[in-house]
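This is entry15.cif. It holds mmCIF, C-alpha atoms and all ligand atoms.
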```cif
data_model
loop_
_atom_site.label_atom_id
_atom_site.label_comp_id
_atom_site.auth_asym_id
_atom_site.auth_seq_id
_atom_site.Cartn_x
_atom_site.Cartn_y
_atom_site.Cartn_z
CA MET B 133 70.09 -40.68 -29.23
CA PRO B 134 71.99 -38.10 -31.29
CA ALA B 135 74.20 -39.56 -33.99
CA PRO B 136 77.87 -39.50 -32.97
CA ALA B 137 79.81 -36.65 -34.53
CA PRO B 138 81.91 -37.86 -37.47
CA ALA B 139 85.54 -38.46 -36.51
CA PRO B 140 87.82 -35.68 -37.75
CA ASP B 141 89.70 -36.70 -40.88
CA PRO B 142 93.39 -36.82 -39.85
CA GLU B 143 94.45 -36.29 -43.44
CA ARG B 144 92.68 -32.95 -43.79
CA LEU B 145 94.92 -29.92 -43.98
CA PRO B 146 94.14 -26.22 -44.09
CA GLY B 147 94.96 -24.29 -47.25
CA PHE B 148 94.84 -20.83 -48.80
CA VAL B 149 94.41 -20.21 -52.49
CA LEU B 150 95.75 -16.80 -53.50
CA CYS B 151 94.30 -14.90 -56.44
CA ARG B 152 94.17 -11.37 -57.79
CA GLY B 153 91.55 -9.05 -56.29
CA GLY B 154 88.19 -9.42 -58.00
CA LEU B 155 88.60 -13.12 -58.85
CA GLU B 156 87.85 -14.54 -55.38
CA GLU B 157 84.33 -15.69 -56.32
CA VAL B 158 85.53 -17.20 -59.58
CA VAL B 159 88.24 -19.15 -57.74
CA GLU B 160 85.70 -20.32 -55.17
CA GLU B 161 83.54 -21.71 -57.97
CA GLU B 162 86.54 -23.40 -59.60
CA LEU B 163 87.41 -25.05 -56.25
CA ARG B 164 83.86 -26.39 -55.97
CA GLU B 165 84.12 -27.81 -59.50
CA LEU B 166 87.30 -29.55 -58.36
CA GLU B 167 85.43 -30.92 -55.31
CA ILE B 168 87.58 -29.04 -52.81
CA GLU B 169 85.91 -27.80 -49.63
CA VAL B 170 85.81 -24.01 -49.30
CA ILE B 171 85.87 -22.57 -45.76
CA GLY B 172 85.71 -18.87 -46.50
CA ARG B 173 86.54 -16.01 -48.80
CA HIS B 174 89.12 -13.36 -47.95
CA LYS B 175 90.59 -10.42 -49.82
CA ARG B 176 92.67 -11.99 -52.63
CA ALA B 177 92.44 -15.45 -51.08
CA VAL B 178 90.04 -18.34 -50.61
CA GLU B 179 90.42 -20.56 -47.55
CA ILE B 180 90.06 -24.31 -48.04
CA THR B 181 90.41 -27.57 -46.18
CA THR B 182 91.53 -30.61 -48.12
CA ASN B 183 93.93 -33.54 -48.23
CA LEU B 184 97.11 -34.03 -50.25
CA ALA B 185 95.12 -35.25 -53.24
CA GLY B 186 93.07 -32.03 -53.09
CA PHE B 187 96.22 -29.91 -53.04
CA TYR B 188 97.53 -31.72 -56.12
CA ARG B 189 94.17 -31.40 -57.88
CA ALA B 190 93.86 -27.69 -57.05
CA ASN B 191 97.29 -26.96 -58.49
CA MET B 192 96.65 -28.80 -61.72
CA GLY B 193 93.04 -27.74 -62.18
CA LEU B 194 92.61 -24.13 -60.99
CA ARG B 195 92.41 -21.60 -63.80
CA SER B 196 92.14 -18.20 -62.12
CA ALA B 197 94.35 -18.66 -59.05
CA LEU B 198 97.94 -17.63 -58.42
CA ASN B 199 99.29 -19.94 -55.69
CA VAL B 200 98.02 -22.64 -53.37
CA LEU B 201 99.48 -22.30 -49.86
CA ARG B 202 99.63 -24.84 -47.07
CA PRO B 203 99.87 -23.01 -43.72
CA ILE B 204 102.27 -24.56 -41.23
CA ARG B 205 102.14 -22.18 -38.28
CA SER B 206 100.11 -19.10 -37.43
CA PHE B 207 100.92 -16.66 -34.64
CA ASN B 208 100.68 -13.07 -33.45
CA ALA B 209 103.58 -11.23 -35.03
CA ARG B 210 104.17 -8.12 -32.95
CA ASN B 211 107.84 -7.87 -33.88
CA TYR B 212 110.63 -9.37 -35.98
CA ASP B 213 112.05 -11.45 -33.10
CA LEU B 214 108.76 -13.34 -32.97
CA LEU B 215 109.17 -14.20 -36.64
CA TYR B 216 112.55 -15.75 -35.79
CA TYR B 217 111.30 -17.48 -32.65
CA GLN B 218 108.24 -19.02 -34.32
CA SER B 219 110.21 -20.05 -37.38
CA ARG B 220 112.84 -21.64 -35.12
CA LYS B 221 110.08 -23.65 -33.36
CA THR B 222 108.80 -25.14 -36.62
CA ASN B 223 109.70 -28.70 -37.62
CA TRP B 224 110.95 -27.73 -41.07
CA HIS B 225 113.11 -30.87 -41.21
CA LYS B 226 109.92 -32.94 -41.34
CA LEU B 227 108.67 -30.95 -44.32
CA PHE B 228 111.61 -30.75 -46.73
CA PRO B 229 115.18 -32.11 -47.00
CA VAL B 230 118.23 -30.27 -45.72
CA ASP B 231 119.66 -29.89 -49.23
CA ALA B 232 116.53 -28.08 -50.52
CA ARG B 233 117.13 -24.68 -52.10
CA LEU B 234 114.71 -22.18 -50.56
CA ARG B 235 113.03 -18.98 -51.50
CA ILE B 236 111.14 -16.97 -48.87
CA ASP B 237 108.62 -14.22 -49.68
CA VAL B 238 106.34 -11.98 -47.67
CA LYS B 239 102.75 -11.40 -48.82
CA GLY B 240 99.96 -9.32 -47.27
CA HIS B 241 100.32 -6.46 -44.79
CA SER B 242 100.93 -5.97 -41.10
CA PRO B 243 101.24 -2.67 -39.20
CA LYS B 244 104.23 -4.03 -37.20
CA ILE B 245 106.09 -5.98 -39.91
CA THR B 246 106.75 -3.43 -42.61
CA HIS B 247 110.37 -4.15 -43.52
CA THR B 248 109.96 -7.06 -45.92
CA ARG B 249 113.64 -7.89 -46.37
CA TYR B 250 114.28 -7.98 -42.65
CA ALA B 251 111.22 -10.18 -42.11
CA ILE B 252 112.53 -12.63 -44.72
CA HIS B 253 115.96 -12.54 -43.07
CA ARG B 254 114.53 -13.43 -39.64
CA VAL B 255 112.46 -16.33 -40.98
CA LYS B 256 115.45 -17.60 -42.95
CA ASP B 257 117.58 -17.52 -39.78
CA GLY B 258 114.90 -19.48 -37.93
CA ILE B 259 114.81 -22.15 -40.64
CA THR B 260 118.56 -22.49 -41.06
CA ASP B 261 119.17 -22.60 -37.29
CA THR B 262 116.60 -25.40 -36.97
CA PHE B 263 118.44 -27.49 -39.58
CA ARG B 264 121.92 -26.60 -38.35
CA LYS B 265 121.15 -27.92 -34.90
CA LEU B 266 119.54 -31.13 -36.16
CA CYS B 267 121.81 -31.88 -39.12
CA GLY B 268 125.29 -31.32 -37.71
CA GLY B 269 125.74 -27.80 -39.02
CA VAL B 270 124.27 -28.49 -42.49
CA ARG B 271 121.48 -26.16 -43.66
CA PRO B 272 119.38 -25.48 -46.77
CA SER B 273 120.65 -22.83 -49.17
CA ILE B 274 118.79 -19.80 -50.52
CA GLU B 275 117.97 -19.74 -54.23
CA LYS B 276 115.76 -16.92 -55.51
CA ARG B 277 115.42 -17.86 -59.19
CA ASP B 278 114.73 -21.57 -59.26
CA PRO B 279 114.03 -22.76 -55.71
CA ASP B 280 112.92 -26.27 -54.75
CA VAL B 281 110.81 -25.00 -51.86
CA HIS B 282 108.99 -21.68 -51.70
CA ILE B 283 107.98 -20.45 -48.25
CA VAL B 284 105.49 -17.63 -47.85
CA VAL B 285 105.17 -15.44 -44.78
CA TYR B 286 101.54 -14.36 -45.05
CA LEU B 287 100.70 -11.25 -43.02
CA GLU B 288 97.14 -10.28 -42.19
CA LYS B 289 96.84 -7.44 -39.66
CA HIS B 290 98.68 -8.69 -36.55
CA ARG B 291 98.81 -12.35 -37.56
CA ALA B 292 101.58 -14.01 -39.48
CA THR B 293 101.31 -17.41 -41.10
CA LEU B 294 104.29 -19.43 -42.26
CA ALA B 295 103.16 -21.43 -45.26
CA LEU B 296 104.56 -23.78 -47.87
CA ASP B 297 103.74 -22.74 -51.40
CA MET B 298 102.44 -25.97 -52.90
CA SER B 299 102.48 -24.39 -56.36
CA GLY B 300 106.08 -23.16 -56.45
CA THR B 301 106.03 -21.19 -59.67
CA PRO B 302 102.75 -19.18 -59.80
CA LEU B 303 99.89 -21.01 -61.48
CA PHE B 304 99.49 -18.52 -64.34
CA LYS B 305 102.72 -19.96 -65.74
CA ARG B 306 101.08 -22.80 -67.62
CA GLY B 307 104.14 -23.38 -69.80
CA TYR B 308 102.56 -22.68 -73.20
CA ARG B 309 103.61 -19.06 -73.48
CA ILE B 310 107.06 -19.70 -74.89
CA GLU B 311 106.85 -16.39 -76.77
CA HIS B 312 104.30 -13.60 -76.83
CA GLY B 313 103.20 -10.36 -78.52
CA GLU B 314 103.11 -6.89 -77.06
CA ALA B 315 101.30 -6.52 -73.70
CA PRO B 316 100.16 -10.13 -73.29
CA MET B 317 97.63 -10.97 -70.65
CA LYS B 318 98.45 -13.27 -67.74
CA GLU B 319 96.71 -16.61 -68.03
CA ASP B 320 94.88 -16.43 -64.66
CA LEU B 321 93.44 -13.05 -65.60
CA ALA B 322 92.36 -14.31 -69.04
CA ALA B 323 90.60 -17.32 -67.46
CA GLY B 324 88.95 -15.11 -64.81
CA ILE B 325 87.72 -12.67 -67.47
CA LEU B 326 86.21 -15.53 -69.48
CA SER B 327 84.40 -16.79 -66.38
CA LEU B 328 83.06 -13.33 -65.57
CA SER B 329 82.16 -12.59 -69.20
CA GLY B 330 78.98 -14.62 -69.24
CA TRP B 331 80.29 -16.89 -72.05
CA ASP B 332 78.57 -20.28 -71.78
CA ARG B 333 81.62 -22.27 -72.98
CA ARG B 334 79.68 -23.48 -76.05
CA SER B 335 78.72 -20.44 -78.13
CA PRO B 336 81.07 -19.25 -80.87
CA LEU B 337 83.53 -16.83 -79.32
CA LEU B 338 85.36 -13.95 -80.96
CA ASP B 339 88.43 -11.98 -79.86
CA PRO B 340 88.89 -9.12 -82.36
CA MET B 341 92.31 -8.09 -80.96
CA CYS B 342 93.66 -11.46 -79.91
CA GLY B 343 97.39 -10.73 -79.66
CA SER B 344 99.25 -13.96 -78.94
CA GLY B 345 95.97 -15.66 -78.06
CA THR B 346 95.81 -16.05 -74.29
CA LEU B 347 92.03 -15.54 -74.08
CA LEU B 348 91.45 -18.04 -76.90
CA PHE B 349 93.75 -20.71 -75.42
CA GLU B 350 92.13 -20.38 -72.01
CA ALA B 351 88.68 -20.47 -73.64
CA TRP B 352 89.56 -23.69 -75.45
CA MET B 353 90.77 -25.37 -72.25
CA MET B 354 87.58 -24.33 -70.45
CA ALA B 355 85.30 -25.56 -73.22
CA ALA B 356 87.16 -28.86 -73.48
CA GLY B 357 87.45 -29.37 -69.70
CA ILE B 358 91.25 -29.45 -69.99
CA ALA B 359 92.99 -28.80 -66.66
CA PRO B 360 95.41 -25.94 -67.42
CA ASN B 361 98.42 -27.15 -65.45
CA LEU B 362 98.71 -30.87 -66.13
CA HIS B 363 102.18 -30.71 -67.62
CA ARG B 364 104.28 -28.53 -65.33
CA GLY B 365 106.15 -29.06 -62.08
CA PHE B 366 104.97 -27.89 -58.63
CA GLY B 367 106.49 -26.93 -55.31
CA PHE B 368 104.80 -29.90 -53.62
CA GLU B 369 107.07 -32.28 -55.56
CA SER B 370 110.06 -31.23 -53.40
CA LEU B 371 108.35 -31.90 -50.08
CA LEU B 372 109.07 -34.98 -47.97
CA ASP B 373 105.44 -36.11 -48.05
CA TYR B 374 105.24 -35.97 -51.86
CA ASP B 375 103.28 -38.95 -53.11
CA GLU B 376 104.08 -39.46 -56.78
CA ALA B 377 101.49 -42.21 -57.28
CA LEU B 378 98.77 -39.98 -55.80
CA HIS B 379 99.86 -37.09 -58.03
CA LEU B 380 99.60 -39.32 -61.10
CA ALA B 381 96.22 -40.67 -60.00
CA GLU B 382 94.84 -37.11 -59.62
CA LYS B 383 96.27 -36.22 -63.01
CA ARG B 384 94.48 -39.17 -64.61
CA LYS B 385 91.20 -38.18 -62.89
CA LEU B 386 91.45 -34.67 -64.31
CA GLU B 387 92.31 -36.02 -67.75
CA ALA B 388 89.18 -38.17 -67.60
CA ARG B 389 87.10 -34.97 -67.36
CA GLU B 390 88.23 -33.81 -70.80
CA THR B 391 85.56 -33.61 -73.47
CA HIS B 392 85.63 -33.10 -77.22
CA PRO B 393 83.32 -30.15 -77.88
CA GLU B 394 81.90 -30.40 -81.37
CA ASP B 395 81.15 -27.41 -83.57
CA LEU B 396 82.92 -25.00 -81.20
CA ARG B 397 84.13 -21.85 -82.97
CA LEU B 398 86.92 -19.72 -81.52
CA LEU B 399 88.09 -16.90 -83.75
CA GLY B 400 90.85 -14.36 -83.21
CA ILE B 401 91.66 -11.29 -85.30
CA GLU B 402 95.09 -9.69 -85.11
CA ILE B 403 96.58 -6.76 -86.99
CA ASP B 404 100.24 -7.48 -86.28
CA GLN B 405 101.72 -10.16 -88.54
CA GLU B 406 104.41 -11.38 -86.14
CA THR B 407 102.01 -11.51 -83.16
CA GLY B 408 99.53 -13.49 -85.27
CA SER B 409 102.28 -15.96 -86.20
CA THR B 410 103.22 -16.31 -82.53
CA MET B 411 99.61 -17.21 -81.73
CA GLU B 412 99.58 -19.81 -84.51
CA ARG B 413 102.87 -21.36 -83.39
CA ILE B 414 101.62 -21.73 -79.79
CA ARG B 415 98.28 -23.14 -81.03
CA ASP B 416 99.98 -25.69 -83.30
CA ARG B 417 102.43 -26.80 -80.65
CA TYR B 418 100.26 -26.88 -77.52
CA PHE B 419 96.63 -26.97 -78.69
CA PRO B 420 96.66 -28.87 -82.00
CA LYS B 421 93.15 -30.22 -81.43
CA SER B 422 91.65 -26.80 -80.80
CA PRO B 423 89.40 -25.17 -83.41
CA ILE B 424 91.07 -21.75 -82.88
CA GLN B 425 91.28 -19.78 -86.11
CA LEU B 426 93.06 -16.55 -86.93
CA ARG B 427 92.06 -13.81 -89.34
CA ARG B 428 94.88 -11.39 -90.00
CA GLY B 429 94.26 -7.69 -90.38
CA LYS B 430 92.37 -4.81 -88.79
CA PHE B 431 89.19 -6.05 -87.14
CA GLN B 432 87.50 -3.04 -88.73
CA ASN B 433 88.06 -4.70 -92.13
CA VAL B 434 87.13 -8.25 -91.15
CA ASN B 435 83.68 -9.75 -91.46
CA PRO B 436 83.81 -12.68 -89.03
CA GLY B 437 80.58 -14.16 -90.37
CA PRO B 438 77.32 -14.82 -88.59
CA GLY B 439 76.53 -16.66 -85.40
CA PHE B 440 78.90 -15.23 -82.77
CA GLY B 441 77.32 -15.34 -79.31
CA ALA B 442 80.22 -13.95 -77.29
CA LEU B 443 83.05 -11.48 -77.67
CA VAL B 444 85.95 -11.04 -75.28
CA CYS B 445 88.93 -8.82 -75.79
CA ASN B 446 91.72 -6.83 -74.31
CA PRO B 447 92.37 -3.85 -76.59
CA PRO B 448 95.50 -1.72 -76.31
CA TYR B 449 95.07 0.74 -73.47
CA GLY B 450 96.90 3.61 -75.08
CA LEU B 451 98.88 3.82 -71.86
CA ARG B 452 101.84 1.77 -73.01
CA SER B 453 100.99 0.12 -76.33
CA GLY B 454 99.23 2.84 -78.31
CA THR B 455 98.77 6.56 -78.42
CA GLU B 456 95.82 8.53 -77.05
CA ALA B 457 94.84 9.95 -80.49
CA GLU B 458 94.51 6.46 -82.01
CA ILE B 459 92.77 4.94 -79.03
CA MET B 460 89.40 6.75 -79.02
CA PRO B 461 88.56 5.83 -82.66
CA LEU B 462 89.73 2.24 -82.01
CA TYR B 463 87.34 1.88 -79.06
CA SER B 464 84.52 3.53 -81.01
CA ASP B 465 85.14 1.07 -83.92
CA LEU B 466 85.01 -1.77 -81.41
CA GLY B 467 81.53 -0.60 -80.36
CA THR B 468 80.41 -0.56 -84.00
CA PHE B 469 81.97 -4.00 -84.58
CA LEU B 470 80.22 -5.64 -81.67
CA ARG B 471 76.88 -4.05 -82.56
CA THR B 472 77.29 -5.39 -86.10
CA TYR B 473 78.56 -8.91 -85.58
CA LEU B 474 77.51 -10.04 -82.16
CA LYS B 475 74.13 -11.66 -82.33
CA GLU B 476 72.28 -12.04 -79.05
CA GLY B 477 74.91 -12.64 -76.41
CA SER B 478 77.57 -11.04 -74.23
CA ALA B 479 80.63 -8.94 -74.79
CA ALA B 480 83.36 -8.44 -72.22
CA VAL B 481 86.12 -5.91 -72.79
CA TYR B 482 89.01 -5.61 -70.36
CA THR B 483 90.85 -2.31 -70.32
CA ALA B 484 92.65 0.13 -68.07
CA ASN B 485 91.66 3.08 -70.25
CA HIS B 486 88.38 4.13 -68.63
CA ASP B 487 88.00 7.32 -70.67
CA ALA B 488 88.06 5.29 -73.86
CA ALA B 489 85.61 2.69 -72.54
CA GLY B 490 82.70 5.09 -73.09
CA SER B 491 83.48 5.03 -76.81
CA PHE B 492 82.39 1.41 -77.22
CA GLY B 493 79.50 1.73 -74.79
CA GLY B 494 81.16 0.57 -71.56
CA ARG B 495 79.97 2.23 -68.36
CA GLN B 496 82.46 2.42 -65.53
CA SER B 497 79.68 2.26 -62.93
CA SER B 498 78.78 -1.28 -63.97
CA SER B 499 82.30 -2.59 -64.65
CA ILE B 500 84.30 -4.97 -62.44
CA PRO B 501 87.70 -3.82 -61.12
CA LEU B 502 90.46 -6.39 -61.75
CA LEU B 503 94.08 -5.41 -61.18
CA ASN B 504 96.58 -6.16 -63.94
CA GLY B 505 99.91 -5.73 -62.16
CA SER B 506 99.83 -2.12 -61.04
CA LEU B 507 97.27 -1.14 -63.71
CA GLU B 508 93.73 -0.59 -62.49
CA GLY B 509 91.96 -2.54 -65.19
CA ARG B 510 88.24 -3.08 -65.34
CA LEU B 511 86.05 -5.60 -67.10
CA TYR B 512 83.24 -3.93 -69.04
CA ARG B 513 80.39 -6.32 -69.69
CA LEU B 514 77.77 -5.61 -72.31
CA LYS B 515 74.71 -7.60 -73.22
CA LYS B 516 73.03 -7.70 -76.57
CA THR B 517 69.47 -8.83 -77.01
CA GLN B 518 67.29 -8.77 -80.10
CA ASP B 519 65.43 -5.59 -79.12
CA ASP B 520 68.25 -3.92 -77.30
CA PRO B 521 71.38 -3.38 -79.42
CA VAL B 522 74.04 -3.24 -76.69
CA ARG B 523 73.60 -2.50 -73.04
CA SER B 524 76.25 -2.05 -70.38
CA GLY B 525 75.83 -4.08 -67.21
C1 LIG B 601 96.72 -5.77 -75.33
S1 LIG B 601 97.06 -6.70 -76.75
C2 LIG B 601 96.10 -8.18 -76.55
C3 LIG B 601 96.87 -9.21 -75.79
C4 LIG B 601 96.21 -10.55 -75.80
N1 LIG B 601 95.03 -10.59 -74.97
C5 LIG B 601 97.23 -11.59 -75.37
O1 LIG B 601 97.10 -12.13 -74.30
O2 LIG B 601 98.21 -11.79 -76.09
C6 LIG B 601 96.15 -5.89 -78.00
C7 LIG B 601 96.37 -6.47 -79.38
O3 LIG B 601 95.49 -5.81 -80.30
C8 LIG B 601 96.13 -5.72 -81.55
N2 LIG B 601 95.42 -4.67 -82.33
C9 LIG B 601 95.49 -3.32 -82.14
N3 LIG B 601 94.66 -2.71 -83.01
C10 LIG B 601 94.05 -3.68 -83.73
C11 LIG B 601 93.09 -3.67 -84.77
N4 LIG B 601 92.58 -2.52 -85.24
N5 LIG B 601 92.68 -4.84 -85.28
C12 LIG B 601 93.18 -6.01 -84.83
N6 LIG B 601 94.12 -6.10 -83.86
C13 LIG B 601 94.54 -4.93 -83.31
C14 LIG B 601 97.57 -5.39 -81.19
O4 LIG B 601 98.46 -5.72 -82.24
C15 LIG B 601 97.78 -6.27 -79.94
O5 LIG B 601 98.32 -7.53 -80.29
#
```
As structure tokens, please, write out the structure in this file.
Ligand SMILES: C[S@@+](CC[C@H](N)C(=O)[O-])C[C@H]1O[C@@H](n2cnc3c(N)ncnc32)[C@H](O)[C@@H]1O
Amino acid sequence: MPAPAPAPDPERLPGFVLCRGGLEEVVEEELRELEIEVIGRHKRAVEITTNLAGFYRANMGLRSALNVLRPIRSFNARNYDLLYYQSRKTNWHKLFPVDARLRIDVKGHSPKITHTRYAIHRVKDGITDTFRKLCGGVRPSIEKRDPDVHIVVYLEKHRATLALDMSGTPLFKRGYRIEHGEAPMKEDLAAGILSLSGWDRRSPLLDPMCGSGTLLFEAWMMAAGIAPNLHRGFGFESLLDYDEALHLAEKRKLEARETHPEDLRLLGIEIDQETGSTMERIRDRYFPKSPIQLRRGKFQNVNPGPGFGALVCNPPYGLRSGTEAEIMPLYSDLGTFLRTYLKEGSAAVYTANHDAAGSFGGRQSSSIPLLNGSLEGRLYRLKKTQDDPVRSG
């Protein structure tokens, strides 16, 4: 007799984890590490199924994701009236309180819904009319800057999904970047680059143009198994089904995964005095146990010492933070530096200046495209072996 099919878990909910293009696989792997079931991979999103505990864990533990969405209703959106009608049919009052301050955003693309502001307006009308009818004329207010509840209208071809953003503020806002240098890198991108770089999370790691240290801070948290978002607030805390005890329990579970890596070396070099001081202030305040060290000056004049097995960096692009004439020699010096000081191991250089990449040995054909805002950045990966000085790929 065939075994009876397992009963569906009533607590399981669908979810979508949004990320920047190029980091989908990395996010999928991070979800698996967090023991969250992955259903499929989409462009800039990974589909999951999980319970409330999984949503809390994903928000605290994901490194390379932007937002975790909980879809509420999906439908064919042929016109703006349907956005209103479907929004009006949703039991918003069971999801968040009438005095919640809302923000609504549209993400994705649809051939029929192209006027973002009007789409937001129609969904907002649907939500407020639902509450007005049920709550004697009272309705939630709209608050763009610091909302309690963030609703996303996710468009994919002809389908629209109304979703609650369980993250609220995007997940790259860890809370440690109280100040920063010129052209800092977003934390999700830094974590994604480290994952794609081939760094094994144990070998000594070098960032010869570390700026205010994002790559080094993210590297430390990865090596020490520290969940990056343990100490910030989330959108899910304003929802009616928020379970504070469960949130705390998931936090404790993630804290229990932390390790104390011994003999880890993380070294940054930075030419700008003030930027270097910013990095040190953030390190001392938020990562006092980390072994991150700073050498001040031009990397060209620094001998970092032997034993480095990985190099990651994000040099100036010469598009906004340098000039073209200075950039080619800088990239060529970077090539010399990594040939000199990187023993066997991997180098990963993220830049949006693809002409300059050739100067350190990066080949565009084997690089990975990763958007940085509107800049078409790429991650150039190079391998160094004993017989082969530096090879792109
Ligand atoms: C794009 S920023 C790096 C941002 C960094 N990833 C962060 O998140 O803060 C490039 C950094 O390289 C530094 N820099 C430029 N030329 C340098 C050199 N020759 N040696 C060391 N640092 C240099 C700049 O001062 C700047 O802080």
So how far away is CA of Glu160 in chain B from CA of Leu380 in chain B, in Å?
-> 24.3 Å
Kindly compile the residues surrounding ligand LIG 601 (chain B) within 9 Å, counting all atoms listed in the file, and format them as a VMD selection string.
-> chain B and resid 312 to 319 322 339 to 348 400 to 405 407 to 408 411 428 to 434 445 to 449 453 to 454 459 462 465 to 466 483
Please determine the residues with any atom at most 8 Å from (80.8, -23.5, -76.4) (coordinates as given in the file, with all atoms listed in the file counting) and report them as an MDAnalysis selection string.
-> chainID B and resid 331:337 355 393 396:397
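Each of B:Gly367, B:Gly324, B:Gly268, B:Gly509 was compared to Val281 in chain B using all atoms listed in the file, and B:Gly367 turns out to be the nearest.
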When you draw a straight line from CA of Val178 in chain B to CA of Ala197 in chain B, how long is it in Å?
->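 Spanning CA of Val178 in chain B to CA of Ala197 in chain B is a straight-line distance of 9.5 Å.
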Just give me the residues with any atom within 6 Å of (117.4, -24.0, -55.1), file coordinates, counting all atoms listed in the file, written as an MDAnalysis selection string.
-> chainID B and resid 233:234 275 278:280
Spatial neighbours of range 161-176 of chain B, max dist 9 Å, only C-alpha atoms, sep filter under 6 positions, as an MDAnalysis selection string = chainID B and resid 149:155 182 186:187 189:190 193:196 386
Quick one: of B:Glu350, B:Glu476, B:Glu508, B:Glu179, who's nearest to Leu145 in chain B, counting all atoms listed in the file?
->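 Result for the nearest residue to Leu145 in chain B: B:Glu179.
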Any chance you could model N, CA and C atoms for range 272-290 of chain B and send them as a short mmCIF file (atom, residue, chain, number, x, y, z; two decimals), in the frame of the given file?
```cif
data_model
loop_
_atom_site.label_atom_id
_atom_site.label_comp_id
_atom_site.auth_asym_id
_atom_site.auth_seq_id
_atom_site.Cartn_x
_atom_site.Cartn_y
_atom_site.Cartn_z
N PRO B 272 119.79 -25.72 -45.38
CA PRO B 272 119.38 -25.48 -46.77
C PRO B 272 120.00 -24.19 -47.29
N SER B 273 120.10 -24.06 -48.59
CA SER B 273 120.65 -22.83 -49.17
C SER B 273 119.50 -21.97 -49.70
N ILE B 274 119.81 -20.72 -49.99
CA ILE B 274 118.79 -19.80 -50.52
C ILE B 274 118.98 -19.68 -52.03
N GLU B 275 117.91 -19.81 -52.76
CA GLU B 275 117.97 -19.74 -54.23
C GLU B 275 116.72 -18.97 -54.69
N LYS B 276 116.93 -17.75 -55.18
CA LYS B 276 115.76 -16.92 -55.51
C LYS B 276 115.12 -17.30 -56.84
N ARG B 277 115.95 -17.68 -57.83
CA ARG B 277 115.42 -17.86 -59.19
C ARG B 277 114.68 -19.18 -59.39
N ASP B 278 115.31 -20.27 -58.95
CA ASP B 278 114.73 -21.57 -59.26
C ASP B 278 114.74 -22.44 -57.99
N PRO B 279 113.97 -22.03 -56.99
CA PRO B 279 114.03 -22.76 -55.71
C PRO B 279 113.31 -24.11 -55.79
N ASP B 280 113.68 -25.01 -54.87
CA ASP B 280 112.92 -26.27 -54.75
C ASP B 280 111.69 -26.02 -53.89
N VAL B 281 111.89 -25.23 -52.83
CA VAL B 281 110.81 -25.00 -51.86
C VAL B 281 110.59 -23.50 -51.70
N HIS B 282 109.34 -23.10 -51.82
CA HIS B 282 108.99 -21.68 -51.70
C HIS B 282 108.18 -21.52 -50.41
N ILE B 283 108.68 -20.68 -49.52
CA ILE B 283 107.98 -20.45 -48.25
C ILE B 283 107.40 -19.04 -48.28
N VAL B 284 106.14 -18.93 -47.86
CA VAL B 284 105.49 -17.63 -47.85
C VAL B 284 105.19 -17.24 -46.41
N VAL B 285 105.55 -16.01 -46.07
CA VAL B 285 105.17 -15.44 -44.78
C VAL B 285 103.95 -14.57 -45.09
N TYR B 286 102.78 -15.04 -44.68
CA TYR B 286 101.54 -14.36 -45.05
C TYR B 286 101.08 -13.49 -43.88
N LEU B 287 101.05 -12.18 -44.10
CA LEU B 287 100.70 -11.25 -43.02
C LEU B 287 99.28 -10.74 -43.20
N GLU B 288 98.50 -10.82 -42.14
CA GLU B 288 97.14 -10.28 -42.19
C GLU B 288 96.91 -9.59 -40.85
N LYS B 289 96.89 -8.27 -40.87
CA LYS B 289 96.84 -7.44 -39.66
C LYS B 289 97.96 -7.86 -38.71
N HIS B 290 97.61 -8.38 -37.50
CA HIS B 290 98.68 -8.69 -36.55
C HIS B 290 99.11 -10.15 -36.62
#
```
